[in-house]
>>> print(open('start_25.cif').read())   # mmCIF, C-alpha atoms
data_target
loop_
_atom_site.label_atom_id
_atom_site.label_comp_id
_atom_site.auth_asym_id
_atom_site.auth_seq_id
_atom_site.Cartn_x
_atom_site.Cartn_y
_atom_site.Cartn_z
CA MET A 300 -22.90 4.03 -13.04
CA TYR A 301 -21.13 0.67 -13.36
CA ILE A 302 -19.25 -0.24 -10.18
CA LEU A 303 -16.92 -3.18 -9.69
CA ILE A 304 -16.39 -4.21 -6.08
CA ALA A 305 -13.58 -6.59 -5.13
CA GLY A 306 -13.96 -8.39 -1.81
CA GLY A 307 -17.26 -9.70 -0.48
CA GLY A 308 -16.64 -9.50 3.24
CA LYS A 309 -18.80 -7.35 5.51
CA VAL A 310 -17.66 -4.10 3.89
CA GLY A 311 -18.01 -5.35 0.33
CA ALA A 312 -21.40 -6.96 0.90
CA ASN A 313 -22.90 -3.95 2.67
CA LEU A 314 -21.48 -1.65 0.04
CA THR A 315 -22.94 -3.78 -2.77
CA ARG A 316 -26.38 -3.69 -1.15
CA SER A 317 -26.17 0.06 -0.65
CA VAL A 318 -25.11 0.98 -4.18
CA LEU A 319 -27.70 -1.38 -5.63
CA ASP A 320 -30.31 0.51 -3.63
CA LEU A 321 -29.04 3.70 -5.20
CA GLY A 322 -29.78 2.14 -8.58
CA HIS A 323 -26.26 1.47 -9.79
CA GLU A 324 -25.08 -1.55 -11.74
CA VAL A 325 -22.69 -3.63 -9.64
CA THR A 326 -20.48 -6.67 -9.97
CA LEU A 327 -19.04 -8.08 -6.76
CA ILE A 328 -16.05 -10.44 -6.81
CA GLU A 329 -15.43 -12.83 -3.92
CA GLN A 330 -12.61 -15.33 -3.73
CA ARG A 331 -13.82 -17.74 -1.03
CA ARG A 332 -16.21 -20.31 -2.48
CA GLU A 333 -18.27 -20.69 0.68
CA ARG A 334 -18.68 -16.96 1.17
CA PHE A 335 -19.50 -16.59 -2.52
CA GLU A 336 -22.39 -19.07 -2.17
CA THR A 337 -23.85 -17.07 0.70
CA LEU A 338 -23.54 -13.84 -1.27
CA GLU A 339 -25.04 -15.45 -4.35
CA GLU A 340 -28.26 -16.15 -2.48
CA GLU A 341 -28.70 -12.42 -2.02
CA PHE A 342 -27.01 -10.84 -5.03
CA GLU A 343 -27.54 -13.65 -7.61
CA HIS A 344 -25.74 -13.01 -10.90
CA ARG A 345 -24.20 -9.81 -9.57
CA VAL A 346 -21.59 -11.75 -7.63
CA GLN A 347 -18.79 -13.74 -9.24
CA VAL A 348 -16.29 -16.11 -7.64
CA GLY A 349 -12.56 -15.66 -8.18
CA ASP A 350 -9.35 -13.89 -7.24
CA ALA A 351 -9.82 -10.27 -8.30
CA THR A 352 -6.08 -9.83 -8.79
CA GLU A 353 -6.21 -12.34 -11.67
CA LEU A 354 -6.67 -10.65 -15.03
CA PHE A 355 -9.15 -13.21 -16.41
CA VAL A 356 -11.36 -12.82 -13.32
CA LEU A 357 -11.40 -9.06 -13.76
CA GLU A 358 -12.09 -9.43 -17.47
CA ARG A 359 -14.98 -11.80 -16.80
CA ALA A 360 -16.40 -9.17 -14.45
CA GLY A 361 -16.29 -6.57 -17.21
CA ILE A 362 -13.16 -4.63 -16.32
CA ALA A 363 -12.59 -3.85 -20.01
CA ARG A 364 -15.82 -1.86 -20.39
CA PRO A 365 -14.34 -0.24 -18.16
CA PRO A 366 -16.36 0.35 -14.96
CA ASP A 367 -16.82 3.96 -13.83
CA LEU A 368 -15.49 2.96 -10.45
CA VAL A 369 -13.51 0.08 -8.98
CA VAL A 370 -13.63 -0.41 -5.22
CA ALA A 371 -11.09 -2.77 -3.64
CA VAL A 372 -12.20 -3.74 -0.14
CA THR A 373 -10.64 -7.14 0.45
CA GLY A 374 -9.03 -7.91 3.80
CA ASP A 375 -5.62 -7.91 2.16
CA ASP A 376 -3.84 -4.62 1.53
CA GLU A 377 -1.50 -5.97 -1.14
CA ASP A 378 -4.48 -7.32 -3.08
CA ASN A 379 -6.30 -3.99 -2.80
CA MET A 380 -3.27 -2.12 -4.12
CA ILE A 381 -2.72 -4.49 -7.03
CA ILE A 382 -6.43 -4.54 -7.99
CA CYS A 383 -6.51 -0.74 -8.15
CA GLN A 384 -3.21 -0.52 -10.01
CA ILE A 385 -4.33 -3.03 -12.64
CA ALA A 386 -7.75 -1.37 -12.98
CA ARG A 387 -6.25 2.06 -13.48
CA ASP A 388 -3.04 1.37 -15.38
CA LYS A 389 -4.09 -1.56 -17.53
CA PHE A 390 -7.77 -0.91 -18.09
CA GLY A 391 -8.00 2.86 -17.77
CA VAL A 392 -10.52 2.89 -14.95
CA ALA A 393 -10.90 6.57 -14.06
CA LYS A 394 -11.70 6.22 -10.40
CA VAL A 395 -10.60 3.69 -7.81
CA ILE A 396 -11.19 3.51 -4.07
CA ALA A 397 -9.12 1.24 -1.85
CA ARG A 398 -9.54 0.01 1.68
CA VAL A 399 -6.52 0.13 3.95
CA ASN A 400 -6.63 -2.62 6.59
CA ASP A 401 -3.32 -1.94 8.32
CA PRO A 402 -2.64 1.82 8.62
CA ARG A 403 1.08 1.08 8.41
CA ASN A 404 0.52 0.20 4.76
CA GLN A 405 -0.87 3.67 3.97
CA GLU A 406 2.50 4.85 2.68
CA HIS A 407 2.62 1.95 0.22
CA PHE A 408 -0.79 2.93 -1.17
CA ASP A 409 0.52 6.49 -1.51
CA LEU A 410 3.72 5.34 -3.20
CA LEU A 411 1.76 3.34 -5.75
CA GLY A 412 -0.54 6.29 -6.34
CA VAL A 413 -3.59 4.35 -5.19
CA THR A 414 -5.92 7.06 -3.95
CA PRO A 415 -8.33 7.75 -2.38
CA THR A 416 -8.04 5.23 0.41
CA VAL A 417 -10.27 4.52 3.35
CA SER A 418 -9.09 3.09 6.64
CA ALA A 419 -11.58 2.39 9.40
CA THR A 420 -8.75 2.20 11.92
CA SER A 421 -7.38 5.61 10.95
CA ILE A 422 -10.81 7.22 10.99
CA ILE A 423 -11.59 5.90 14.46
CA LEU A 424 -8.11 6.89 15.64
CA ALA A 425 -8.66 10.43 14.35
CA MET A 426 -11.91 10.59 16.28
CA ILE A 427 -10.20 9.40 19.44
CA GLU A 428 -7.46 11.99 18.90
CA HIS A 429 -10.11 14.65 18.54
CA GLU A 430 -11.62 13.64 21.86
CA VAL A 431 -8.30 13.29 23.62
CA PRO A 432 -5.73 15.56 21.99
CA ALA A 433 -2.59 13.79 23.13
CA HIS A 434 -0.10 16.22 21.70
CA GLY A 435 -2.16 19.39 21.58
CA LEU A 436 -2.45 19.13 17.82
CA ILE A 437 -5.44 17.59 16.06
CA HIS A 438 -5.51 16.55 12.42
CA LEU A 439 -8.66 17.89 10.82
CA LEU A 440 -8.18 17.40 7.13
CA GLN A 441 -5.61 15.84 4.87
CA LEU A 442 -5.35 17.05 1.28
CA ARG A 443 -3.05 14.41 -0.12
CA LYS A 444 -3.05 15.57 -3.70
CA GLU A 445 -2.32 19.15 -2.68
CA ASN A 446 0.28 17.95 -0.14
CA LEU A 447 -1.32 20.02 2.59
CA GLU A 448 -3.09 19.35 5.83
CA ILE A 449 -5.14 21.38 8.23
CA VAL A 450 -4.67 21.00 11.97
CA GLU A 451 -6.16 22.52 15.08
CA VAL A 452 -3.98 23.65 17.98
CA GLN A 453 -5.28 24.70 21.37
CA LEU A 454 -3.07 27.18 23.24
CA ASP A 455 -2.74 26.97 27.00
CA LYS A 456 -1.19 29.50 29.39
CA ASP A 457 2.23 27.87 29.07
CA SER A 458 2.35 28.16 25.30
CA PRO A 459 5.40 30.23 24.31
CA CYS A 460 3.40 32.17 21.72
CA VAL A 461 0.79 33.51 24.14
CA GLY A 462 0.88 37.33 24.15
CA LYS A 463 2.77 37.45 20.85
CA LEU A 464 1.69 38.91 17.52
CA VAL A 465 1.21 36.37 14.74
CA GLU A 466 3.73 38.21 12.54
CA ARG A 467 6.41 37.79 15.23
CA LEU A 468 6.07 34.02 15.49
CA GLN A 469 8.84 31.77 14.25
CA LEU A 470 6.68 29.39 12.27
CA PRO A 471 8.17 26.59 10.21
CA THR A 472 8.36 27.28 6.47
CA GLY A 473 5.47 25.67 4.69
CA SER A 474 3.00 26.47 7.45
CA ARG A 475 0.55 29.30 8.03
CA LEU A 476 -2.10 30.15 10.62
CA ILE A 477 -5.59 30.50 9.16
CA THR A 478 -7.99 31.48 11.94
CA VAL A 479 -8.06 32.03 15.65
CA MET A 480 -11.17 30.87 17.49
CA ARG A 481 -11.67 32.83 20.69
CA GLU A 482 -14.74 32.73 22.93
CA GLY A 483 -16.72 30.97 20.22
CA GLU A 484 -15.83 33.45 17.49
CA ALA A 485 -13.43 32.89 14.65
CA GLN A 486 -11.25 35.65 13.27
CA MET A 487 -8.68 35.57 10.51
CA ALA A 488 -5.16 35.14 11.86
CA ASP A 489 -3.58 38.36 10.53
CA GLY A 490 -0.10 39.59 11.32
CA ASP A 491 -1.42 41.90 14.04
CA THR A 492 -3.50 39.25 15.79
CA ARG A 493 -2.23 38.82 19.34
CA LEU A 494 -2.53 35.25 20.64
CA GLU A 495 -4.09 34.44 23.99
CA ALA A 496 -4.26 31.36 26.21
CA GLY A 497 -7.30 29.28 25.28
CA ASP A 498 -7.17 30.27 21.61
CA GLN A 499 -8.00 27.51 19.14
CA ILE A 500 -5.90 27.99 16.06
CA LEU A 501 -6.46 26.49 12.65
CA ALA A 502 -3.27 26.10 10.67
CA VAL A 503 -2.43 24.80 7.21
CA LEU A 504 0.91 23.06 6.71
CA GLU A 505 2.85 20.59 4.65
CA PRO A 506 2.62 17.05 6.04
CA GLY A 507 5.64 16.28 8.19
CA LYS A 508 5.85 19.78 9.70
CA GLU A 509 3.51 18.98 12.61
CA GLU A 510 6.26 18.55 15.15
CA GLU A 511 7.94 21.85 14.18
CA LEU A 512 4.63 23.67 14.35
CA ARG A 513 3.80 22.10 17.68
CA ARG A 514 7.12 23.27 19.07
CA ALA A 515 6.55 26.79 17.75
CA LEU A 516 3.07 27.13 19.25
CA LEU A 517 3.04 24.92 22.33
CA LYS A 518 5.44 24.51 25.15
CA GLN A 519 8.43 22.19 24.81
CA ARG A 520 8.11 18.76 26.24
CA MET B 865 27.97 -5.58 -2.89
CA GLN B 866 24.91 -5.97 -0.70
CA VAL B 867 21.72 -7.80 -1.56
CA LEU B 868 18.43 -8.35 0.27
CA VAL B 869 16.51 -11.56 -0.31
CA ILE B 870 12.94 -11.08 0.86
CA GLY B 871 11.09 -14.35 1.33
CA CYS B 872 13.39 -17.17 2.30
CA GLY B 873 11.54 -20.24 1.11
CA ARG B 874 12.79 -22.85 -1.32
CA VAL B 875 13.67 -20.31 -3.97
CA GLY B 876 14.77 -17.40 -1.78
CA SER B 877 17.04 -19.50 0.41
CA SER B 878 18.79 -21.05 -2.60
CA VAL B 879 19.28 -17.62 -4.19
CA ALA B 880 20.67 -16.32 -0.88
CA LEU B 881 23.10 -19.23 -0.55
CA GLU B 882 24.30 -18.92 -4.13
CA LEU B 883 24.82 -15.16 -3.93
CA ASP B 884 26.66 -15.63 -0.63
CA ARG B 885 28.93 -18.17 -2.34
CA LEU B 886 29.61 -15.66 -5.11
CA GLY B 887 30.82 -13.14 -2.56
CA TRP B 888 27.72 -10.97 -2.06
CA GLU B 889 26.87 -9.63 1.36
CA VAL B 890 23.41 -11.20 1.76
CA THR B 891 20.62 -10.43 4.21
CA ALA B 892 17.60 -12.71 4.11
CA VAL B 893 14.17 -11.62 5.37
CA ASP B 894 11.34 -13.95 6.29
CA GLU B 895 8.24 -13.80 8.45
CA ASN B 896 9.01 -17.21 9.81
CA GLU B 897 12.01 -17.71 12.06
CA ASP B 898 12.29 -21.33 10.95
CA ALA B 899 13.24 -20.17 7.46
CA LEU B 900 16.74 -19.59 8.81
CA GLN B 901 17.19 -23.36 8.89
CA ARG B 902 17.01 -23.43 5.11
CA LEU B 903 20.23 -21.45 5.02
CA GLY B 904 22.16 -24.11 6.90
CA GLU B 905 24.16 -24.13 10.11
CA ASN B 906 27.08 -22.22 8.62
CA TRP B 907 25.06 -19.23 7.39
CA SER B 908 27.17 -16.16 8.05
CA GLY B 909 24.97 -13.63 6.26
CA GLY B 910 22.22 -11.55 7.80
CA PHE B 911 18.76 -12.77 8.70
CA VAL B 912 15.85 -10.57 9.78
CA VAL B 913 12.53 -11.94 10.98
CA GLY B 914 9.58 -9.85 9.83
CA HIS B 915 7.21 -9.01 7.01
CA GLY B 916 8.69 -7.47 3.89
CA MET B 917 5.89 -4.88 3.76
CA ASP B 918 7.06 -3.46 7.07
CA MET B 919 9.38 -0.49 6.49
CA LYS B 920 11.06 -1.06 9.84
CA VAL B 921 11.95 -4.58 8.80
CA LEU B 922 13.26 -3.42 5.43
CA ARG B 923 15.40 -0.77 7.09
CA ALA B 924 16.66 -3.22 9.72
CA ALA B 925 17.68 -5.50 6.86
CA GLY B 926 19.69 -2.65 5.35
CA ILE B 927 17.59 -1.80 2.30
CA GLU B 928 19.00 1.73 2.30
CA GLU B 929 22.49 0.39 1.54
CA ALA B 930 21.41 -2.48 -0.71
CA ASP B 931 22.65 -2.72 -4.30
CA ALA B 932 20.07 -5.32 -5.24
CA VAL B 933 16.84 -6.84 -3.94
CA VAL B 934 15.30 -10.22 -4.70
CA VAL B 935 11.62 -10.50 -3.79
CA SER B 936 10.46 -14.08 -3.49
CA THR B 937 7.77 -14.49 -0.84
CA ASP B 938 4.93 -16.90 -1.56
CA GLY B 939 2.48 -14.13 -2.50
CA ASP B 940 2.51 -12.56 -5.97
CA ASN B 941 0.79 -9.38 -4.86
CA THR B 942 2.98 -9.06 -1.79
CA ASN B 943 6.01 -9.40 -4.05
CA LEU B 944 4.70 -6.81 -6.50
CA VAL B 945 4.14 -4.28 -3.73
CA ILE B 946 7.47 -4.91 -1.97
CA GLY B 947 9.23 -4.79 -5.34
CA GLN B 948 7.72 -1.40 -6.10
CA VAL B 949 8.71 -0.12 -2.66
CA ALA B 950 12.31 -1.24 -3.27
CA GLN B 951 12.38 0.23 -6.75
CA LYS B 952 10.46 3.46 -6.24
CA ARG B 953 11.04 4.37 -2.60
CA PHE B 954 14.62 3.15 -2.27
CA ASN B 955 15.63 3.57 -5.94
CA ILE B 956 17.18 0.12 -6.25
CA ASP B 957 17.37 -0.54 -9.99
CA THR B 958 18.24 -4.19 -9.56
CA THR B 959 14.98 -5.22 -7.95
CA VAL B 960 14.00 -8.67 -9.19
CA ILE B 961 10.49 -9.86 -8.40
CA ARG B 962 9.19 -13.39 -8.55
CA VAL B 963 5.62 -13.56 -9.86
CA LEU B 964 4.03 -16.97 -10.38
CA ASP B 965 1.02 -15.74 -12.38
CA PRO B 966 2.21 -15.26 -15.99
CA ALA B 967 -0.46 -12.63 -16.70
CA ARG B 968 0.52 -10.38 -13.81
CA ALA B 969 4.23 -10.99 -14.49
CA ALA B 970 3.81 -9.81 -18.08
CA LEU B 971 1.66 -6.83 -17.12
CA TYR B 972 4.03 -5.53 -14.48
CA SER B 973 7.01 -6.14 -16.74
CA GLU B 974 5.31 -3.83 -19.28
CA MET B 975 4.89 -1.35 -16.46
CA GLY B 976 8.63 -1.26 -15.85
CA LEU B 977 9.23 -3.82 -13.13
CA TRP B 978 11.76 -6.62 -13.43
CA THR B 979 9.55 -9.67 -12.99
CA VAL B 980 10.66 -13.27 -13.21
CA CYS B 981 7.97 -15.88 -13.86
CA PRO B 982 8.96 -19.48 -13.11
CA THR B 983 5.53 -20.65 -14.28
CA GLN B 984 6.13 -19.19 -17.72
CA THR B 985 9.52 -20.93 -17.86
CA ALA B 986 7.86 -24.24 -16.92
CA ILE B 987 5.15 -23.77 -19.55
CA LYS B 988 7.74 -23.11 -22.23
CA THR B 989 10.02 -25.99 -21.21
CA LEU B 990 7.19 -28.52 -20.97
CA THR B 991 5.67 -27.48 -24.26
CA GLU B 992 9.01 -27.52 -26.04
CA ALA B 993 9.79 -30.98 -24.64
CA VAL B 994 6.63 -32.37 -26.21
CA VAL B 995 7.08 -30.52 -29.49
CA SER B 996 10.68 -31.65 -29.85
CA SER B 997 9.73 -35.29 -29.23
CA GLU B 998 7.23 -35.02 -32.07
CA LYS B 999 10.03 -34.05 -34.45
CA SER B 1000 12.27 -36.91 -33.42
CA PRO B 1001 12.49 -39.88 -35.83
CA THR B 1002 10.61 -42.28 -33.54
CA GLY B 1003 7.71 -39.87 -33.23
CA THR B 1004 7.22 -39.34 -37.00
CA ALA B 1005 6.57 -43.00 -37.85
CA SER B 1006 2.95 -42.62 -38.90
#
>>> encode(input="start_25.cif", output="structure tokens")
Amino acid sequence: MYILIAGGGKVGANLTRSVLDLGHEVTLIEQRRERFETLEEEFEHRVQVGDATELFVLERAGIARPPDLVVAVTGDDEDNMIICQIARDKFGVAKVIARVNDPRNQEHFDLLGVTPTVSATSIILAMIEHEVPAHGLIHLLQLRKENLEIVEVQLDKDSPCVGKLVERLQLPTGSRLITVMREGEAQMADGDTRLEAGDQILAVLEPGKEEELRRALLKQR
Amino acid sequence: MQVLVIGCGRVGSSVALELDRLGWEVTAVDENEDALQRLGENWSGGFVVGHGMDMKVLRAAGIEEADAVVVSTDGDNTNLVIGQVAQKRFNIDTTVIRVLDPARAALYSEMGLWTVCPTQTAIKTLTEAVVSSEKSPTGTAS
């Protein structure tokens, strides 16, 4: 596979080393001259100096072949978005991966259709959330393309739905309970499943419905 | 009519002042508080300090009611992203984006954005100045 990596910081350099080890062909683009010289000692002709949002720099790196994959991991979100957009829309690159530095910019990546994205901050945050569920609802999986997400909800004795049948719950439209985990065993959440305190529920829902679902399953706060 | 000018440097501030003079309701946005000084002591329009990529800043500046947006920060890629947010998220047809790199300006223009490239204008003007001097009588002596 031919992989073009934009941004030779820690992420870009480690990624380059790793995919080279896997036997792929790689070109790494780094803008800062000094950093480029350090990288060149290790990666030799596989690293090029330049601004990867400039068309001639991308062309020199073989963007027109086109690469099987373009990975934009600079420290600048705007640059990562533009690199991926140019790669995909101008040069027909089939697959792009972009790094999100500031999670607040995630919605801009989504708007521009730059996907998939990877954000170290968001991943770590999700892990913290999983350890310390602040709002009783944990995000497990986000299926952006399908516009769905899967969350886990833990019921306590004050939850308004405890003792109720699943079919009698007032769930928000666009959401559905999948399974109920009770005493280490999962069962499908059917209409005649009666919920108990301590149940761990997996639910699928449209993004943006979390608050409604939380209100339906957990106590008001 | 309301207009947002995002990036209030040399270009943005002049655009803001001129539109204000023409009767537009102008709000300028800049990361740097000092940019307000470029608008003069008598500036009566809006001014919001913050980054144009920040949705809170855009909303505070009134992007939801804006009829037009001028994007003129000092970063081409920043401008291209903010411009697409204004055009695609807030459906503002009159979103004009300054892009200094002629290649990116042309590419994004093909992709449906309204880009303005001062560099391209300079290239054309400078080249034409030389070419036209060649045609003048004094220049054709040999």
>>> interface_residues(input="start_25.cif", of="chain A", to="chain B", cutoff="9 Å", atoms="only C-alpha atoms", output="list in words")
Thr352, Glu353, Leu354, Phe355, Asp376, Glu377, Asp378, Met380, Ile381, Ile385, Asp388, Lys389, Arg403, Asn404, His407, Leu410 and Leu411 of chain A
>>> write_last_selection(input="start_25.cif", atoms="C-alpha atoms", output="PDB file, in the frame of the given file")
ATOM      1  CA  THR A 352      -6.080  -9.830  -8.790  1.00  0.00           C
ATOM      2  CA  GLU A 353      -6.210 -12.340 -11.670  1.00  0.00           C
ATOM      3  CA  LEU A 354      -6.670 -10.650 -15.030  1.00  0.00           C
ATOM      4  CA  PHE A 355      -9.150 -13.210 -16.410  1.00  0.00           C
ATOM      5  CA  ASP A 376      -3.840  -4.620   1.530  1.00  0.00           C
ATOM      6  CA  GLU A 377      -1.500  -5.970  -1.140  1.00  0.00           C
ATOM      7  CA  ASP A 378      -4.480  -7.320  -3.080  1.00  0.00           C
ATOM      8  CA  MET A 380      -3.270  -2.120  -4.120  1.00  0.00           C
ATOM      9  CA  ILE A 381      -2.720  -4.490  -7.030  1.00  0.00           C
ATOM     10  CA  ILE A 385      -4.330  -3.030 -12.640  1.00  0.00           C
ATOM     11  CA  ASP A 388      -3.040   1.370 -15.380  1.00  0.00           C
ATOM     12  CA  LYS A 389      -4.090  -1.560 -17.530  1.00  0.00           C
ATOM     13  CA  ARG A 403       1.080   1.080   8.410  1.00  0.00           C
ATOM     14  CA  ASN A 404       0.520   0.200   4.760  1.00  0.00           C
ATOM     15  CA  HIS A 407       2.620   1.950   0.220  1.00  0.00           C
ATOM     16  CA  LEU A 410       3.720   5.340  -3.200  1.00  0.00           C
ATOM     17  CA  LEU A 411       1.760   3.340  -5.750  1.00  0.00           C
TER      18      LEU A 411
END
>>> resolve_selection(input="start_25.cif", expression="the PyMOL selection byres ((chain B and resi 983) around 7)", output="PyMOL selection string")
chain B and resi 964-966+981-982+984-987
>>> write_last_selection(input="start_25.cif", atoms="C-alpha atoms", output="tab-separated table (two decimals), in the frame of the given file")
chain	number	residue	atom	x	y	z
B	964	LEU	CA	4.03	-16.97	-10.38
B	965	ASP	CA	1.02	-15.74	-12.38
B	966	PRO	CA	2.21	-15.26	-15.99
B	981	CYS	CA	7.97	-15.88	-13.86
B	982	PRO	CA	8.96	-19.48	-13.11
B	984	GLN	CA	6.13	-19.19	-17.72
B	985	THR	CA	9.52	-20.93	-17.86
B	986	ALA	CA	7.86	-24.24	-16.92
B	987	ILE	CA	5.15	-23.77	-19.55
>>> closest_residue(input="start_25.cif", among="B:Ala950, B:Ser973, B:Asp894, B:Arg874", to="Ala930 (chain B)", atoms="all atoms listed in the file")
B:Ala950
>>> residues_near_point(input="start_25.cif", point="(-1.1, 41.5, 13.0)", cutoff="9 Å", atoms="all atoms listed in the file", output="ChimeraX atom specification")
/A:464-467,488-493
>>> closest_residue(input="start_25.cif", among="A:Gln469, A:Thr326, A:Asn400, A:Gln453", to="Leu512 (chain A)", atoms="only C-alpha atoms")
A:Gln469
>>> residues_near_point(input="start_25.cif", point="(17.4, -1.9, 5.1)", cutoff="10 Å", atoms="all atoms listed in the file", output="VMD selection string")
chain B and resid 867 to 868 891 912 919 to 930 950 954
>>> residues_around(input="start_25.cif", residues="Ile870 (chain B)", least_positions_apart="2", cutoff="8 Å", atoms="only C-alpha atoms", output="list in words")
Leu868, Cys872, Gly876, Ala892, Val893, Asp894, Gly916, Val933, Val934, Val935, Ser936 and Thr937 of chain B
>>> resolve_selection(input="start_25.cif", expression="the PyMOL selection byres ((chain B and resi 884) around 12)", output="list of chain:residue names")
B:Met865, B:Gln866, B:Val867, B:Leu868, B:Val869, B:Ser877, B:Ser878, B:Val879, B:Ala880, B:Leu881, B:Glu882, B:Leu883, B:Arg885, B:Leu886, B:Gly887, B:Trp888, B:Glu889, B:Val890, B:Thr891, B:Ala892, B:Leu903, B:Asn906, B:Trp907, B:Ser908, B:Gly909, B:Gly910
>>> residues_around(input="start_25.cif", residues="region 319-323 of chain A", least_positions_apart="4", cutoff="10 Å", atoms="all atoms listed in the file", output="list in words")
Met300, Tyr301, Ile302, Asn313, Leu314, Thr315, Phe342 and Arg345 of chain A
>>> resolve_selection(input="start_25.cif", expression="the PyMOL selection byres ((chain A and resi 357-372) around 9)", output="count of residues only")
46
>>> atom_distance(input="start_25.cif", atom1="CA of Gly412 (chain A)", atom2="CA of Arg443 (chain A)")
10.5 Å
>>> atom_distance(input="start_25.cif", atom1="CA of Ile477 (chain A)", atom2="CA of Glu509 (chain A)")
15.1 Å
>>> axis_aligned_box(input="start_25.cif", around="region 466-477 of chain A", padding_each_side="3 Å", output="JSON")
{"center_x": 1.6, "center_y": 31.9, "center_z": 10.1, "size_x": 20.4, "size_y": 18.5, "size_z": 16.8}
>>> atom_distance(input="start_25.cif", atom1="CA of Gln330 (chain A)", atom2="CA of Ala312 (chain A)")
13.0 Å
>>> residues_around(input="start_25.cif", residues="Leu447 (chain A)", least_positions_apart="6", cutoff="9 Å", atoms="all atoms listed in the file", output="JSON, numbers by chain")
{"A": [440, 441, 503, 504, 505, 506]}
